[in-house]
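Participant: The structure is given below, and queries will be raised subsequently.
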Amino acid sequence: MSGFGRFAAMAATYGFLGLMAFLSVFPFIWMALGATNSSIDIIKGKLLPGAAFAANVGNFFTLVNVPLVFWNSAKIAILATVLTLAVSSLAGYGFEMFRSRRRERVYRAMLLTLMIPFAALMIPLFIMMGKAGLINTHLAVVLPSIGSAFVIFYFRQSTKAFPSELRDAAKVDGLKEWQIFLFIYVPVMRSTYAAAFVIVFMTAWNNYLWPLIVLQTNETKTITLVISSLASAYYPDYGVVMVGTILATLPTLAVFFFMQRQFVQGMLGSVK
Amino acid sequence: MVRARRGIGRYYDVNGWLFVAPALGLIALFMVYPIAWSLWMSFQSGRGMTLKFAGFANIVRLWNDPVFIKALTNTVTYFVVQVPIMILLALILASLLNNPRLVGRGLFRTAIFLPCVSSLVAYSVLFKGMFATDGIVNSTLQAIGLVASPIPWLTHPFWAKVLVILAITWRWTGYNMIFYLAALQNIDKSIYEVARIDGVPAWARFTHLTIPLLKPVILFTTVISTIGTLQLFDEVYNLTEGKGGPSNATLTLSLYIYNLTFRFMPNLGYAATVSYVIVVLVALLAFVQFFAARERDR
């Protein structure tokens with residue numbers, strides 16, 4: 001390729017990537033700037049920091065019981081993540097390590113549940129939760145999400161990379177299966193767990209439709225529900241809404257940046 | 001000997017089932033049981049909780065329900081337009097970012113992945129503000145002279161659909177890109193080097209190397225994205241205040257089911273029938289995609 005051609009290709013590549021990166025990040029910048037501006041300035045599209053940050057935060061805290069709402073979201077997300085990881089990694093290990101024809105069939109049938117859309121489940125689930133007296137409880141939000149075919153699939157794929165010599169050696173040393181799982185598999189697979197943690201935590205934290213149905217009292221609502229209702233007011237105060245979206249995004253942002261390296265490693269492991 | 005081996009086999013088998021039992025139990029209780037229940041429910045009709053067997057009445061009602069037809073058309077439109085754009089964009093980005101000589105690779109990658117971190121509700125709310133009639137997007141487009149008058153993103157049936165497509169593309173492209181990047185990392189780099197030395201141009205390397213090598217991952221992401229798009233709810237609910245847009249222009253099947261159950265006078269039987277339309281669509285499209293992938297293998 002000629003020198004000019006190579007330069008043009010490079011310029012196009014960097015230009016395209018730069019544009020994509022800018023478009024990806026811009027709403028976050030707009031959100032951060034918005035939190036410092038008044039509602040009118042935000043709608044007008046002001047792109048400079050303003051002086052309304054303290055007022056917006058103050059208004060948000062008077063409108064919303066922030067500690068309670070945050071605690072509700074955190075409780076649901078952490079509970080769902082821990083339980084999903086525990087149950088799914090056990091299953092992923094079980095399906096890969098103790099392969100049998102019958103379990104292989106069950107596994108394939110289980111993967112079919114990936115295709116069941118949530119909309120088709122929500123009415124029966126709602127009635128079930130009602131009968132169990134779990135409406136307006138966080139348990140009702142968490143329970144249906146724990147058994148996840150997607151996360152089991154991910155763990156099984158990753159388990160293929162788990163060295164079987166380790167398991168054999170442990171068996172010679174007289175360890176029981178559950179001990180091998182707990183004391184050898186779990187520590188060895190920590191990057192797999194980290195990647196699954198990121199995905200499951202984000203899904204649980206950001207979950208909307210099911211909490212919207214099940215959590216009907218203000219005392220049980222999560223931060224996503226609260227932001228949605230603030231933003232759907234007839235004249236939403238966008239400054240307040242921006243403070244809310246920042247608060248709702250910070251935990252997932254923190255989890256992602258804190259675990260980014262392990263997340264990418266874990267993803268690599270699953271594709272191998 | 002034979003006896004002992006069978007004994008070990010049984011021990012293995014018990015352990016195998018013990019490890020998978022909690023997950024299978026939960027899936028049976030919260031997936032298999034409700035999906036069977038809603039199938040049964042879809043043959044019933046009635047107001048509120050008093051349901052009576054109605055045969056195929058609900059399915060007949062689908063045909064004569066203009067709101068359902070609208071929701072179905074919208075959902076299929078989103079799927080047909082958005083999924084190919086997003087998959088292609090994610091593939092191009094991944095293959096560009098896979099180049100180890102690219103300066104600022106990590107930075108680009110993080111920036112493009114960032115949208116996946118935001119919650120569906122939070123970004124829908126942001127987009128609603130950004131795309132307001134006198135909002136930042138319109139004022140920018142006018143400033144650089146691309147449009148003469150502001151685009152009515154939220155109030156015009158066509159532009160509202162475009163906005164939903166823009167929004168989901170923004171949110172999910174980076175997510176798919178990560179799958180492709182992960183898969184590309186596992187491909188022997190010398191294949192690309194050889195092709196480069198042989199003078200294969202970049203576009204041909206993309207169509208003849210990247211796409212075939214990533215086919216299983218592309219299939220996986222396409223199926224996952226299809227399922228996601230057919231279930232679209234959070235974005236349309238929050239962008240268009242739960243109404244489904246100007247004259248139902250952005251209404252999706254999931255939103256219609258929600259409205260049928262929790263907003264209008266509840267008709268659980270009919271809502272269940274609509275939900276089975278999504279089940280059938282997902283199954284059909286996943287089957288078609290798997291089939292298409294297999295055909296091309298030959």
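The chains in the structure tokens are called A, B, ... from first to last as shown; in each chain the residues are counted from 1, and the ligands are counted from 1 in the order shown.
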Quick one: residues within 9 Å of stretch 101-106 of chain A, only C-alpha atoms counted, chain neighbours fewer than 3 positions away excluded, as an MDAnalysis selection string?

Facilitator: (chainID A and resid 95 98 109:111) or (chainID B and resid 16:17 24)

Participant: Please report, as a count of residues only, each residue of stretch 42-257 of chain A to which DSSP assigns alpha helix (DSSP H) when run on this structure's backbone.

Facilitator: 156

Participant: Near stretch 240-246 of chain A, within 7 Å and counting only C-alpha atoms, which residues show up once chain neighbours fewer than 4 positions away are dropped, as an MDAnalysis selection string?

Facilitator: (chainID A and resid 31 34:35 56:57 59:60 227 230:231 250) or (chainID B and resid 122)

Participant: List the neighbours of B:Leu88 out to 12 Å using only C-alpha atoms; skip same-chain residues closer than 2 positions along the sequence, and give me the result as a PyMOL selection string.

Facilitator: chain B and resi 81-86+90-95+169+173-174+176-177+180+206-207+210-211+218+221-222

Participant: Just to be explicit: take each residue in the selection above, keep N, CA, C and O atoms, and write the result as a tab-separated table (two decimals), in the first residue's frame.

Facilitator:
```tsv
chain	number	residue	atom	x	y	z
B	81	VAL	N	-34.43	-4.31	11.80
B	81	VAL	CA	-33.55	-3.19	11.51
B	81	VAL	C	-32.36	-3.16	12.47
B	81	VAL	O	-31.22	-2.98	12.06
B	82	GLN	N	-32.64	-3.36	13.75
B	82	GLN	CA	-31.60	-3.08	14.75
B	82	GLN	C	-30.55	-4.18	14.85
B	82	GLN	O	-29.36	-3.88	14.92
B	83	VAL	N	-30.98	-5.44	14.90
B	83	VAL	CA	-30.01	-6.51	15.16
B	83	VAL	C	-28.90	-6.57	14.09
B	83	VAL	O	-27.72	-6.58	14.44
B	84	PRO	N	-29.22	-6.54	12.78
B	84	PRO	CA	-28.13	-6.56	11.79
B	84	PRO	C	-27.18	-5.37	11.91
B	84	PRO	O	-25.96	-5.54	11.86
B	85	ILE	N	-27.74	-4.16	12.11
B	85	ILE	CA	-26.88	-2.98	12.25
B	85	ILE	C	-25.92	-3.17	13.42
B	85	ILE	O	-24.71	-2.96	13.30
B	86	MET	N	-26.47	-3.60	14.54
B	86	MET	CA	-25.66	-3.70	15.75
B	86	MET	C	-24.58	-4.78	15.61
B	86	MET	O	-23.43	-4.56	15.99
B	90	ALA	N	-20.66	-4.03	15.72
B	90	ALA	CA	-19.85	-4.66	16.78
B	90	ALA	C	-18.69	-5.45	16.17
B	90	ALA	O	-17.57	-5.44	16.69
B	91	LEU	N	-18.96	-6.12	15.04
B	91	LEU	CA	-17.91	-6.89	14.37
B	91	LEU	C	-16.80	-5.98	13.85
B	91	LEU	O	-15.61	-6.27	14.01
B	92	ILE	N	-17.20	-4.87	13.21
B	92	ILE	CA	-16.21	-3.94	12.67
B	92	ILE	C	-15.37	-3.37	13.82
B	92	ILE	O	-14.13	-3.36	13.76
B	93	LEU	N	-16.05	-2.95	14.88
B	93	LEU	CA	-15.31	-2.38	16.02
B	93	LEU	C	-14.35	-3.41	16.61
B	93	LEU	O	-13.20	-3.10	16.90
B	94	ALA	N	-14.83	-4.64	16.77
B	94	ALA	CA	-13.98	-5.67	17.37
B	94	ALA	C	-12.76	-5.94	16.51
B	94	ALA	O	-11.63	-6.06	17.01
B	95	SER	N	-12.96	-6.02	15.17
B	95	SER	CA	-11.80	-6.36	14.34
B	95	SER	C	-10.82	-5.19	14.28
B	95	SER	O	-9.61	-5.40	14.19
B	169	THR	N	-29.17	0.41	20.10
B	169	THR	CA	-27.87	0.21	19.46
B	169	THR	C	-26.76	0.79	20.35
B	169	THR	O	-25.71	0.18	20.53
B	173	THR	N	-24.23	-2.42	21.55
B	173	THR	CA	-23.16	-2.73	20.59
B	173	THR	C	-21.87	-3.14	21.30
B	173	THR	O	-21.23	-4.14	20.94
B	174	GLY	N	-21.49	-2.40	22.34
B	174	GLY	CA	-20.26	-2.73	23.06
B	174	GLY	C	-20.31	-4.10	23.71
B	174	GLY	O	-19.30	-4.80	23.80
B	176	ASN	N	-21.90	-6.78	22.59
B	176	ASN	CA	-21.60	-7.79	21.56
B	176	ASN	C	-20.14	-7.74	21.15
B	176	ASN	O	-19.52	-8.77	20.90
B	177	MET	N	-19.60	-6.53	21.09
B	177	MET	CA	-18.20	-6.36	20.70
B	177	MET	C	-17.27	-7.15	21.62
B	177	MET	O	-16.30	-7.76	21.16
B	180	TYR	N	-16.97	-10.71	20.61
B	180	TYR	CA	-16.14	-10.89	19.41
B	180	TYR	C	-14.67	-10.69	19.72
B	180	TYR	O	-13.81	-11.43	19.24
B	206	PHE	N	-11.59	-9.02	6.59
B	206	PHE	CA	-12.77	-8.97	7.46
B	206	PHE	C	-13.83	-9.97	7.00
B	206	PHE	O	-14.35	-10.76	7.78
B	207	THR	N	-14.13	-9.97	5.66
B	207	THR	CA	-15.22	-10.82	5.18
B	207	THR	C	-14.79	-12.29	5.05
B	207	THR	O	-15.60	-13.18	5.24
B	210	THR	N	-12.35	-12.88	9.39
B	210	THR	CA	-12.99	-12.58	10.68
B	210	THR	C	-14.38	-13.21	10.77
B	210	THR	O	-14.68	-13.93	11.72
B	211	ILE	N	-15.23	-12.93	9.77
B	211	ILE	CA	-16.62	-13.39	9.86
B	211	ILE	C	-16.71	-14.93	9.90
B	211	ILE	O	-17.36	-15.47	10.80
B	218	ILE	N	-20.94	-15.30	16.43
B	218	ILE	CA	-21.94	-14.43	15.78
B	218	ILE	C	-23.33	-15.05	15.95
B	218	ILE	O	-24.29	-14.37	16.30
B	221	THR	N	-24.44	-14.50	19.58
B	221	THR	CA	-24.88	-13.13	19.89
B	221	THR	C	-26.15	-12.76	19.14
B	221	THR	O	-26.98	-12.03	19.65
B	222	THR	N	-26.30	-13.28	17.91
B	222	THR	CA	-27.52	-12.98	17.15
B	222	THR	C	-28.74	-13.55	17.86
B	222	THR	O	-29.77	-12.88	17.99
```

Participant: Select, from B:Ala148, B:Ala132, B:Val162, B:Val194, the residue with the minimum atom-to-atom distance to chain A, counting only C-alpha atoms.

Facilitator: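 Looking only at the distances to chain A, the closest residue turns out to be B:Ala132.
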
Participant: Within 7 Å of chain B, which residues belong to chain A? Use only C-alpha atoms and report them as a ChimeraX atom specification.

Facilitator: /A:17,20-21,24-25,27,43-45,87-88,90-91,94-95,98,115-117,119-121,124-125,144,147,206,208-209,224,228,231-232,245,249,252-253,267-268,271-272

Participant: Provide the atom CA of A:Ile29 to atom CA of A:Tyr238 distance in Å, to one decimal place.

Facilitator: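 We find that atom CA of A:Ile29 and atom CA of A:Tyr238 lie 14.6 Å from each other.
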
Participant: Write out as number ranges by chain which residues come within 10 Å of A:Asn65 when counting only C-alpha atoms, dropping same-chain ones fewer than 2 positions away.

Facilitator: A: 60-63, 67-70, 218-219, 223, 226

Participant: In Å, with one decimal, what is the gap from atom CA of A:Pro211 to atom CA of A:Leu225?

Facilitator: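 About the pair atom CA of A:Pro211 and atom CA of A:Leu225: they are 7.7 Å apart.
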
Participant: What does the structure give for the distance between atom CA of A:Ala74 and atom CA of A:Val186, in Å to one decimal?

Facilitator: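 A separation of 23.9 Å between them.
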